[in-house]
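What's in target.txt: compact mmCIF, C-alpha atoms
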# COMPACT_ATOMS: atom_id res chain seq x y z
CA MET A 1 0.00 0.00 0.00
CA ALA A 2 1.60 3.24 -1.09
CA ILE A 3 0.13 6.55 -0.02
CA ARG A 4 1.37 9.17 -2.42
CA ILE A 5 1.68 12.73 -1.27
CA ASP A 6 3.94 13.94 -4.05
CA GLN A 7 1.28 16.35 -5.24
CA LEU A 8 0.63 17.81 -1.81
CA SER A 9 2.14 21.20 -1.03
CA LEU A 10 4.32 20.22 1.90
CA PRO A 11 7.75 21.49 2.93
CA PRO A 12 10.67 19.18 2.04
CA ALA A 13 11.25 18.24 5.67
CA TRP A 14 7.61 17.13 5.99
CA ARG A 15 7.78 15.05 2.84
CA GLN A 16 10.98 13.41 4.05
CA PHE A 17 9.34 12.59 7.41
CA TRP A 18 6.26 11.20 5.64
CA HIS A 19 8.27 8.80 3.53
CA TRP A 20 10.34 7.71 6.54
CA TRP A 21 7.22 7.16 8.63
CA GLN A 22 5.51 5.18 5.84
CA ASP A 23 8.59 2.98 5.40
CA GLN A 24 8.72 2.31 9.14
CA LEU A 25 5.06 1.28 9.17
CA ILE A 26 5.58 -1.12 6.29
CA LYS A 27 8.66 -2.61 7.98
CA SER A 28 6.62 -3.36 11.10
CA ILE A 29 4.19 -5.57 9.14
CA PRO A 30 5.02 -9.31 9.16
CA GLU A 31 6.55 -10.57 5.93
CA ALA A 32 3.67 -12.98 5.31
CA CYS A 33 1.17 -10.14 5.48
CA LYS A 34 3.26 -7.98 3.19
CA ARG A 35 3.37 -10.74 0.61
CA TRP A 36 -0.40 -11.08 0.80
CA PHE A 37 -1.46 -7.44 0.85
CA PHE A 38 1.42 -5.66 -0.84
CA HIS A 39 3.40 -5.95 -4.01
CA HIS A 40 6.67 -6.92 -2.44
CA THR A 41 8.81 -6.40 -5.53
CA HIS A 42 9.34 -2.94 -6.97
CA ILE A 43 11.00 -2.76 -10.39
CA LEU A 44 12.42 0.41 -11.91
CA LEU A 45 12.70 0.43 -15.69
CA ALA A 46 13.95 2.93 -18.21
CA LEU A 47 14.74 3.40 -21.90
CA PRO A 48 18.14 5.13 -21.89
CA SER A 49 18.26 5.01 -25.68
CA GLU A 50 16.31 3.58 -28.58
CA GLY A 51 16.13 -0.20 -28.37
CA GLU A 52 17.77 -0.38 -24.93
CA VAL A 53 15.81 -1.36 -21.83
CA ARG A 54 17.29 -1.43 -18.34
CA PHE A 55 15.77 -2.82 -15.13
CA TRP A 56 16.56 -2.28 -11.44
CA ARG A 57 15.07 -3.91 -8.36
CA ARG A 58 14.42 -1.48 -5.54
CA GLU A 59 14.49 -2.93 -2.02
CA GLU A 60 14.17 -0.39 0.76
CA ASN A 61 17.18 1.90 0.23
CA ALA A 62 19.11 -0.46 -2.03
CA VAL A 63 18.91 -0.54 -5.85
CA THR A 64 20.20 -3.54 -7.75
CA GLU A 65 20.45 -3.70 -11.54
CA LEU A 66 18.85 -6.82 -13.02
CA GLU A 67 19.86 -8.87 -16.00
CA GLN A 68 18.59 -7.27 -19.18
CA LYS A 69 15.55 -9.07 -20.59
CA VAL A 70 15.01 -8.10 -24.17
CA ASP A 71 12.27 -10.59 -24.95
CA PRO A 72 8.79 -9.24 -24.17
CA ASP A 73 7.55 -12.80 -23.61
CA SER A 74 10.07 -13.20 -20.81
CA TRP A 75 8.87 -9.92 -19.34
CA ARG A 76 5.34 -11.26 -18.96
CA ALA A 77 6.52 -14.45 -17.28
CA TRP A 78 8.87 -12.48 -15.07
CA GLN A 79 6.09 -10.09 -14.00
CA ALA A 80 3.84 -13.01 -13.07
CA GLU A 81 6.63 -14.73 -11.16
CA GLU A 82 7.80 -11.65 -9.28
CA ASP A 83 4.32 -10.15 -8.68
CA ALA A 84 6.08 -6.86 -9.23
CA THR A 85 5.00 -3.28 -9.60
CA PHE A 86 6.79 -1.21 -12.22
CA THR A 87 7.84 2.42 -12.23
CA LEU A 88 8.95 3.96 -15.51
CA LEU A 89 11.85 6.32 -14.99
CA LEU A 90 12.57 9.25 -17.27
CA LEU A 91 16.31 9.83 -17.38
CA PRO A 92 18.08 13.19 -17.81
CA GLY A 93 17.46 14.47 -21.32
CA GLN A 94 13.97 12.91 -21.41
CA TYR A 95 12.37 15.50 -19.12
CA LEU A 96 12.70 19.13 -18.13
CA HIS A 97 13.23 19.95 -14.44
CA LYS A 98 12.66 23.57 -13.43
CA GLN A 99 12.00 25.79 -10.43
CA ILE A 100 9.66 28.76 -10.76
CA TYR A 101 8.19 31.41 -8.48
CA LEU A 102 4.44 32.05 -8.32
CA PRO A 103 2.21 34.34 -6.23
CA LEU A 104 1.16 32.93 -2.89
CA ALA A 105 -2.49 32.96 -3.95
CA ALA A 106 -1.72 30.48 -6.74
CA GLN A 107 -1.57 27.61 -4.25
CA GLU A 108 -5.34 27.12 -4.31
CA ASN A 109 -5.30 26.30 -8.06
CA LEU A 110 -1.65 25.43 -8.48
CA ARG A 111 -1.95 23.00 -11.39
CA GLN A 112 -4.17 25.33 -13.37
CA VAL A 113 -1.87 28.29 -12.78
CA ILE A 114 1.19 26.28 -13.82
CA GLY A 115 -0.64 25.22 -16.97
CA PHE A 116 -1.08 28.88 -17.87
CA GLU A 117 2.56 29.66 -17.05
CA LEU A 118 4.15 26.79 -19.01
CA ASP A 119 4.32 28.60 -22.36
CA ARG A 120 6.05 31.53 -20.61
CA GLN A 121 8.40 29.53 -18.39
CA THR A 122 9.23 26.71 -20.84
CA PRO A 123 9.39 26.13 -24.62
CA PHE A 124 6.15 24.10 -24.39
CA SER A 125 2.48 24.76 -23.87
CA ALA A 126 0.25 22.80 -21.50
CA ASP A 127 -1.30 20.70 -24.29
CA GLN A 128 2.14 19.53 -25.46
CA VAL A 129 3.45 18.05 -22.21
CA TYR A 130 2.65 16.01 -19.15
CA PHE A 131 3.80 17.76 -16.00
CA SER A 132 3.91 17.33 -12.23
CA SER A 133 4.67 19.93 -9.56
CA ARG A 134 5.10 20.50 -5.84
CA VAL A 135 5.68 23.46 -3.56
CA ILE A 136 9.12 23.33 -1.97
CA GLU A 137 9.09 26.63 -0.09
CA ARG A 138 6.74 29.42 0.94
CA LEU A 139 8.29 32.86 0.91
CA ALA A 140 5.89 34.70 3.21
CA GLY A 141 7.87 37.92 3.13
CA LYS A 142 7.69 38.10 -0.66
CA ARG A 143 4.25 36.44 -0.75
CA GLN A 144 5.56 33.90 -3.25
CA LEU A 145 5.71 30.14 -3.73
CA LYS A 146 8.83 28.38 -4.84
CA VAL A 147 7.55 25.58 -7.05
CA GLU A 148 9.41 22.64 -8.55
CA ILE A 149 8.03 21.23 -11.83
CA VAL A 150 8.95 18.30 -14.05
CA LEU A 151 7.55 17.94 -17.56
CA THR A 152 8.03 15.71 -20.57
CA PRO A 153 6.54 15.78 -24.10
CA ARG A 154 3.25 13.96 -24.38
CA GLU A 155 4.19 12.16 -27.58
CA PHE A 156 7.45 10.84 -26.12
CA LEU A 157 5.86 9.50 -22.92
CA ASP A 158 2.84 8.04 -24.72
CA ASP A 159 5.20 6.12 -27.03
CA GLN A 160 7.15 4.66 -24.11
CA LEU A 161 4.01 3.65 -22.20
CA ALA A 162 2.47 2.11 -25.31
CA TYR A 163 5.64 0.08 -25.90
CA PHE A 164 5.61 -1.42 -22.41
CA HIS A 165 1.84 -2.00 -22.36
CA GLN A 166 2.11 -3.98 -25.58
CA ALA A 167 4.83 -6.06 -23.94
CA GLY A 168 2.63 -6.77 -20.90
CA LEU A 169 4.37 -4.41 -18.50
CA LYS A 170 2.05 -1.74 -17.20
CA PRO A 171 3.90 0.86 -15.11
CA ARG A 172 1.86 2.20 -12.25
CA HIS A 173 4.04 5.25 -11.83
CA VAL A 174 6.13 7.49 -14.04
CA ASP A 175 8.86 9.46 -12.34
CA ALA A 176 11.87 11.53 -13.26
CA ALA A 177 15.27 10.32 -12.05
CA VAL A 178 18.85 11.49 -11.73
CA TRP A 179 21.97 9.35 -11.82
CA GLU A 180 23.78 8.66 -8.58
CA LYS A 181 26.63 6.13 -8.42
CA GLN A 182 25.48 4.55 -11.68
CA TYR A 183 21.97 4.01 -10.33
CA PRO A 184 18.85 6.08 -10.96
CA VAL A 185 17.36 7.96 -8.01
CA PRO A 186 13.67 8.89 -8.44
CA LEU A 187 12.73 12.50 -7.74
CA LYS A 188 9.30 11.40 -6.42
CA PHE A 189 7.04 13.02 -8.97
CA ASP A 190 4.06 11.41 -10.64
CA LEU A 191 3.89 11.95 -14.41
CA LEU A 192 1.65 9.00 -15.28
CA PRO A 193 -1.23 10.31 -17.44
CA PRO A 194 -4.73 9.44 -16.22
CA ARG A 195 -5.58 7.43 -19.35
CA TRP A 196 -2.65 5.09 -18.72
CA ARG A 197 -3.52 4.38 -15.11
CA THR A 198 -4.53 0.85 -14.17
CA THR A 199 -6.83 0.23 -11.23
CA GLU A 200 -6.15 -2.47 -8.68
CA SER A 201 -8.72 -5.15 -8.04
CA HIS A 202 -11.43 -4.16 -5.65
CA TRP A 203 -10.52 -6.69 -2.97
CA ARG A 204 -6.89 -5.65 -2.90
CA HIS A 205 -7.81 -1.98 -2.76
CA LEU A 206 -10.26 -2.65 0.08
CA ALA A 207 -7.72 -4.78 1.93
CA ASN A 208 -5.09 -2.09 1.64
CA TRP A 209 -7.35 0.58 3.01
CA THR A 210 -8.57 -1.73 5.76
CA LEU A 211 -5.03 -2.55 6.80
CA GLY A 212 -4.11 1.12 6.67
CA GLY A 213 -7.11 1.97 8.85
CA ILE A 214 -6.11 -0.70 11.35
CA LEU A 215 -2.57 0.66 11.46
CA MET A 216 -3.82 4.19 12.04
CA LEU A 217 -6.19 2.92 14.74
CA LEU A 218 -3.38 1.06 16.49
CA ILE A 219 -1.15 4.12 16.32
CA GLY A 220 -3.96 6.25 17.73
CA LEU A 221 -4.52 3.76 20.55
CA ALA A 222 -0.80 3.61 21.26
CA LEU A 223 -0.72 7.41 21.53
CA ALA A 224 -3.97 7.75 23.47
CA LEU A 225 -3.53 4.89 25.96
CA PRO A 226 -0.71 6.52 27.99
CA ILE A 227 -2.70 9.78 28.11
CA VAL A 228 -5.86 8.02 29.32
CA THR A 229 -3.88 6.05 31.89
CA GLN A 230 -2.13 9.16 33.15
CA ASN A 231 -5.46 11.00 33.39
CA LYS A 232 -6.93 8.18 35.48
CA ILE A 233 -3.87 8.15 37.74
CA LEU A 234 -4.08 11.94 38.04
CA GLU A 235 -7.79 11.78 38.93
CA SER A 236 -7.06 9.11 41.55
CA LEU A 237 -4.26 11.21 43.04
CA GLU A 238 -6.49 14.28 43.07
CA ASP A 239 -9.19 12.32 44.94
CA GLN A 240 -6.62 11.16 47.49
CA VAL A 241 -5.33 14.71 47.88
CA ASP A 242 -8.89 16.01 48.41
CA GLN A 243 -9.58 13.28 50.97
CA ASN A 244 -6.31 14.01 52.78
CA ARG A 245 -7.08 17.72 52.70
CA ARG A 246 -10.52 17.13 54.27
CA THR A 247 -8.96 14.87 56.89
CA ALA A 248 -6.32 17.48 57.64
CA GLN A 249 -8.99 20.16 58.01
CA ILE A 250 -10.98 18.00 60.44
CA THR A 251 -7.79 17.20 62.37
CA ASN A 252 -6.83 20.87 62.60
CA LYS A 253 -10.33 21.75 63.77
CA LEU A 254 -10.26 19.06 66.47
CA LYS A 255 -6.76 20.12 67.49
CA LYS A 256 -7.94 23.70 67.82
CA GLN A 257 -10.92 22.60 69.94
CA VAL A 258 -8.64 20.52 72.18
CA THR A 259 -6.31 23.50 72.59
CA GLU A 260 -9.24 25.76 73.53
CA LEU A 261 -10.54 23.21 76.04
CA GLU A 262 -7.07 22.86 77.55
CA GLN A 263 -6.81 26.63 77.89
CA LYS A 264 -10.23 26.84 79.54
CA ALA A 265 -9.40 23.99 81.90
CA ARG A 266 -6.06 25.57 82.75
CA PHE A 267 -7.76 28.92 83.36
CA VAL A 268 -10.34 27.36 85.71
CA LEU A 269 -7.62 25.44 87.53
CA THR A 270 -5.49 28.57 87.80
CA ARG A 271 -8.37 30.56 89.19
CA LYS A 272 -9.23 27.79 91.58
CA ARG A 273 -5.65 27.53 92.78
CA ALA A 274 -5.28 31.31 92.98
CA ILE A 275 -8.41 31.90 95.14
CA PRO A 276 -8.53 30.03 98.47
CA PRO A 277 -11.84 28.73 99.83
CA ILE A 278 -13.74 31.45 101.67
CA VAL A 279 -14.05 29.18 104.73
CA GLU A 280 -10.26 29.14 105.11
CA VAL A 281 -10.15 32.90 104.70
CA MET A 282 -12.78 33.49 107.33
CA ASN A 283 -11.09 31.05 109.70
CA ASP A 284 -7.75 32.83 109.28
CA LEU A 285 -9.45 36.19 109.67
CA SER A 286 -11.20 35.19 112.90
CA GLN A 287 -7.92 33.96 114.38
CA ARG A 288 -6.06 37.17 113.58
CA LEU A 289 -8.61 39.76 114.72
CA PRO A 290 -8.22 40.82 118.38
CA LEU A 291 -10.78 39.52 120.85
CA ASP A 292 -12.04 43.04 121.55
CA THR A 293 -12.84 43.51 117.89
CA TRP A 294 -16.01 42.17 116.35
CA LEU A 295 -17.55 42.28 112.94
CA ASN A 296 -20.95 43.60 112.06
CA GLY A 297 -20.86 42.26 108.47
CA PHE A 298 -18.81 41.17 105.50
CA ASN A 299 -19.30 41.04 101.76
CA TYR A 300 -17.29 38.83 99.32
CA ARG A 301 -17.51 39.31 95.52
CA GLU A 302 -15.14 38.40 92.69
CA GLY A 303 -12.06 38.10 94.89
CA GLU A 304 -12.75 41.24 96.94
CA LEU A 305 -13.72 40.98 100.63
CA ARG A 306 -15.17 43.87 102.60
CA ILE A 307 -15.67 43.79 106.39
CA ASN A 308 -17.09 46.33 108.79
CA GLY A 309 -17.27 46.40 112.59
CA HIS A 310 -16.02 47.97 115.82
CA SER A 311 -12.61 47.93 117.48
CA PRO A 312 -10.89 49.92 120.22
CA ALA A 313 -7.86 50.44 117.86
CA ALA A 314 -9.09 50.13 114.27
CA SER A 315 -5.95 51.70 112.80
CA LYS A 316 -3.88 48.71 113.95
CA LEU A 317 -6.07 46.23 112.05
CA ILE A 318 -4.35 46.95 108.69
CA GLU A 319 -1.01 45.79 110.05
CA ILE A 320 -2.61 42.67 111.60
CA LEU A 321 -4.41 41.65 108.43
CA GLU A 322 -1.36 42.17 106.21
CA ALA A 323 0.28 39.19 107.92
CA SER A 324 -2.38 36.86 106.41
CA PRO A 325 -1.24 34.71 103.45
CA PHE A 326 -4.69 35.09 101.90
CA LEU A 327 -5.10 38.85 101.95
CA SER A 328 -3.54 41.70 99.98
CA ASP A 329 -4.17 45.33 99.06
CA ILE A 330 -5.74 45.98 102.47
CA HIS A 331 -7.11 49.49 102.94
CA PHE A 332 -9.90 51.45 104.64
CA VAL A 333 -12.91 52.11 102.43
CA SER A 334 -14.11 55.00 104.56
CA PRO A 335 -12.68 57.09 107.42
CA ILE A 336 -12.65 55.67 110.93
CA THR A 337 -15.44 57.15 113.13
CA GLN A 338 -16.11 57.08 116.90
CA ASP A 339 -19.23 55.33 118.17
CA ARG A 340 -20.54 57.61 120.97
CA ARG A 341 -22.59 54.94 122.57
CA THR A 342 -19.82 52.30 122.91
CA GLY A 343 -16.76 54.47 122.64
CA LEU A 344 -15.28 52.09 120.01
CA GLU A 345 -14.02 52.99 116.54
CA ARG A 346 -16.24 52.07 113.60
CA PHE A 347 -14.29 50.81 110.53
CA GLN A 348 -14.87 49.46 107.00
CA ILE A 349 -11.93 47.63 105.34
CA SER A 350 -11.53 46.25 101.76
CA MET A 351 -9.01 43.58 100.76
CA ASN A 352 -8.25 41.20 97.89
CA VAL A 353 -8.46 37.48 98.59
CA GLY A 354 -5.83 35.15 97.11
CA TYR A 355 -2.73 33.12 97.76
CA GLU A 356 0.54 34.90 98.01
CA HIS A 357 3.01 33.63 95.33
CA ASP A 358 5.18 31.71 97.71
CA ASP A 359 2.27 30.22 99.61
CA LYS A 360 0.21 28.77 96.76
CA PRO A 361 -0.75 25.13 97.38
CA ASP A 362 0.79 22.54 95.03
Can I see the file as structure tokens?
Amino acid sequence: MAIRIDQLSLPPAWRQFWHWWQDQLIKSIPEACKRWFFHHTHILLALPSEGEVRFWRREENAVTELEQKVDPDSWRAWQAEEDATFTLLLLPGQYLHKQIYLPLAAQENLRQVIGFELDRQTPFSADQVYFSSRVIERLAGKRQLKVEIVLTPREFLDDQLAYFHQAGLKPRHVDAAVWEKQYPVPLKFDLLPPRWRTTESHWRHLANWTLGGILMLLIGLALALPIVTQNKILESLEDQVDQNRRTAQITNKLKKQVTELEQKARFVLTRKRAIPPIVEVMNDLSQRLPLDTWLNGFNYREGELRINGHSPAASKLIEILEASPFLSDIHFVSPITQDRRTGLERFQISMNVGYEHDDKPD
């Protein structure tokens, strides 16, 4: 199966890659399949001069000259035995090879434009020759196409094709060639006129296209499979990352709650340890106050204790109470007054309740 792109307007590097890629695909097919679906022998033939016929077998990149077979009957038998395809080569002097420049807009109707330009660019008109062309470069700055054309006189090529058809050899391609190390190298043009083309049998044509479709499908699968696999792996990793992120968020939230609870518990414990029980305070207070001093009332609120009462020497009470490990910031709330009825001093004292730093219980 040969996919010809010689007429497509592709850069030289693209054409070279295409031919390399096509050769690699064909090499990957088992030999048995190639013998069944493909013509496995490719013969190059040429008429260097009148009455002389030369043949070469082309195998991959190697070209081997075959023994000259001058008898047309032997050609028919040979073609049947080899199951070969034939390419007629036009040698230098049998074709005209030329490069021309055309406007960039000519690419849409390249063959028609070249047909109009032939009588100006060459000694021939379009009805006198068969020609083939391809774009080899696009000059965007100059808005021009660099086009390579090959042409040969119609009468000359028709005579050569008629000669071989009468002998039973029907070339499927006509190409121009140059000599290289005594062997012809095709330029990869297609000069075969439409009326000389032979069609392959329907089953072979269908098989070729089917096999080509399978190859393209396999290549597509080979290219797509790693991408699909990587996408699935990526989706799985993204799900795991999302799950881990949610777990981390829950963990951080719980950790924050635990920290807050610890702080609250520590605060309660600190407050509890910092403020002694009021019973102990009152017991200590009753032991320190002089026997001639009595209390009329007391009020305790948010760590502050206020007492009021009568004493013969109220001014000395501040010094007595300051010796308590539970009391601090002891001061009179109001001035000391004299009770006329009892003769004792009336006092009102405020103090803060709490352990002194060195006396806190463990």
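Proximity of A:Phe298, A:Trp20, A:Trp56, A:Phe326 to Val281 in chain A, computed with only C-alpha atoms, is greatest for A:Phe326.
CA of Gly297 in chain A is positioned 19.4 Å from CA of Ser324 in chain A.
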Residues of range 176-248 of chain A at most 8 Å from range 149-156 of chain A: nearest atom pair and distance in Å, only C-alpha atoms, as JSON lines:
{"residue": "A:Ala176", "atom": "CA", "partner": "A:Val150", "partner_atom": "CA", "distance": 7.4}
{"residue": "A:Phe189", "atom": "CA", "partner": "A:Val150", "partner_atom": "CA", "distance": 7.6}
{"residue": "A:Leu191", "atom": "CA", "partner": "A:Leu151", "partner_atom": "CA", "distance": 7.7}
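With only C-alpha atoms as the atoms that count, the residue of A:Pro103, A:Pro184, A:Pro276, A:Pro194 with the shortest distance to Gly141 in chain A is A:Pro103.
Using only C-alpha atoms, every residue with an atom at most 10 Å from the point (18.2, 12.0, -25.2) is listed here: Leu47, Pro48, Ser49, Glu50, Leu91, Pro92, Gly93, Gln94 and Tyr95 of chain A.
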Could you check how far CA of Thr41 in chain A sits from CA of Thr85 in chain A, in Å to one decimal? 6.4 Å
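Across A:Val241, A:Leu110, A:Leu44, A:Ala126, the tightest approach to Tyr183 in chain A is made by A:Leu44 when counting only C-alpha atoms.
For the atom pair formed by CA of Ala105 in chain A and CA of Glu148 in chain A, the distance is 16.4 Å, given to one decimal.
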Contacts of Lys170 in chain A at 8 Å or less, counting all atoms listed in the file, minus same-chain residues fewer than 4 places along, as a VMD selection string? chain A and resid 86 161 164 to 165 198
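By only C-alpha atoms, and with residues fewer than 4 positions from Leu321 in chain A along its chain excluded, the set lying at most 10 Å from it is Asp284, Leu285, Arg288, Leu289, Lys316, Leu317, Pro325, Phe326, Leu327, Ser328, Ile330, His331 and Met351 of chain A.
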Pick out the residues sitting within 12 Å of Arg143 in chain A, and hand them over as a PDB file with C-alpha atoms, in the frame of the given file; count all atoms listed in the file, and ignore anything fewer than 4 positions along from it in its own chain.
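Printed below is part-v6.pdb as written:
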ATOM      1  CA  TYR A 101       8.190  31.410  -8.480  1.00  0.00           C
ATOM      2  CA  LEU A 102       4.440  32.050  -8.320  1.00  0.00           C
ATOM      3  CA  PRO A 103       2.210  34.340  -6.230  1.00  0.00           C
ATOM      4  CA  LEU A 104       1.160  32.930  -2.890  1.00  0.00           C
ATOM      5  CA  ALA A 105      -2.490  32.960  -3.950  1.00  0.00           C
ATOM      6  CA  ALA A 106      -1.720  30.480  -6.740  1.00  0.00           C
ATOM      7  CA  GLN A 107      -1.570  27.610  -4.250  1.00  0.00           C
ATOM      8  CA  GLU A 137       9.090  26.630  -0.090  1.00  0.00           C
ATOM      9  CA  ARG A 138       6.740  29.420   0.940  1.00  0.00           C
ATOM     10  CA  LEU A 139       8.290  32.860   0.910  1.00  0.00           C
TER      11      LEU A 139
END
Do you know which residues are at most 8 Å from Arg57 in chain A counting only C-alpha atoms, after dropping those on the same chain fewer than 4 positions away, and could you put them as a PyMOL selection string? chain A and resi 41-44+63-66
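If all atoms listed in the file are the atoms counted, then among A:Ile320, A:Leu157, A:Met282, A:Leu96 the closest residue to Val353 in chain A is A:Met282.
With distances restricted to only C-alpha atoms, A:Leu45 is the closest residue to Gln160 in chain A from A:Val228, A:Leu45, A:Leu344, A:Ile114.
The closest residue to Trp196 in chain A, picked from A:Ala265, A:Val53, A:Ile100, A:Val174 and counting all atoms listed in the file, is A:Val174.
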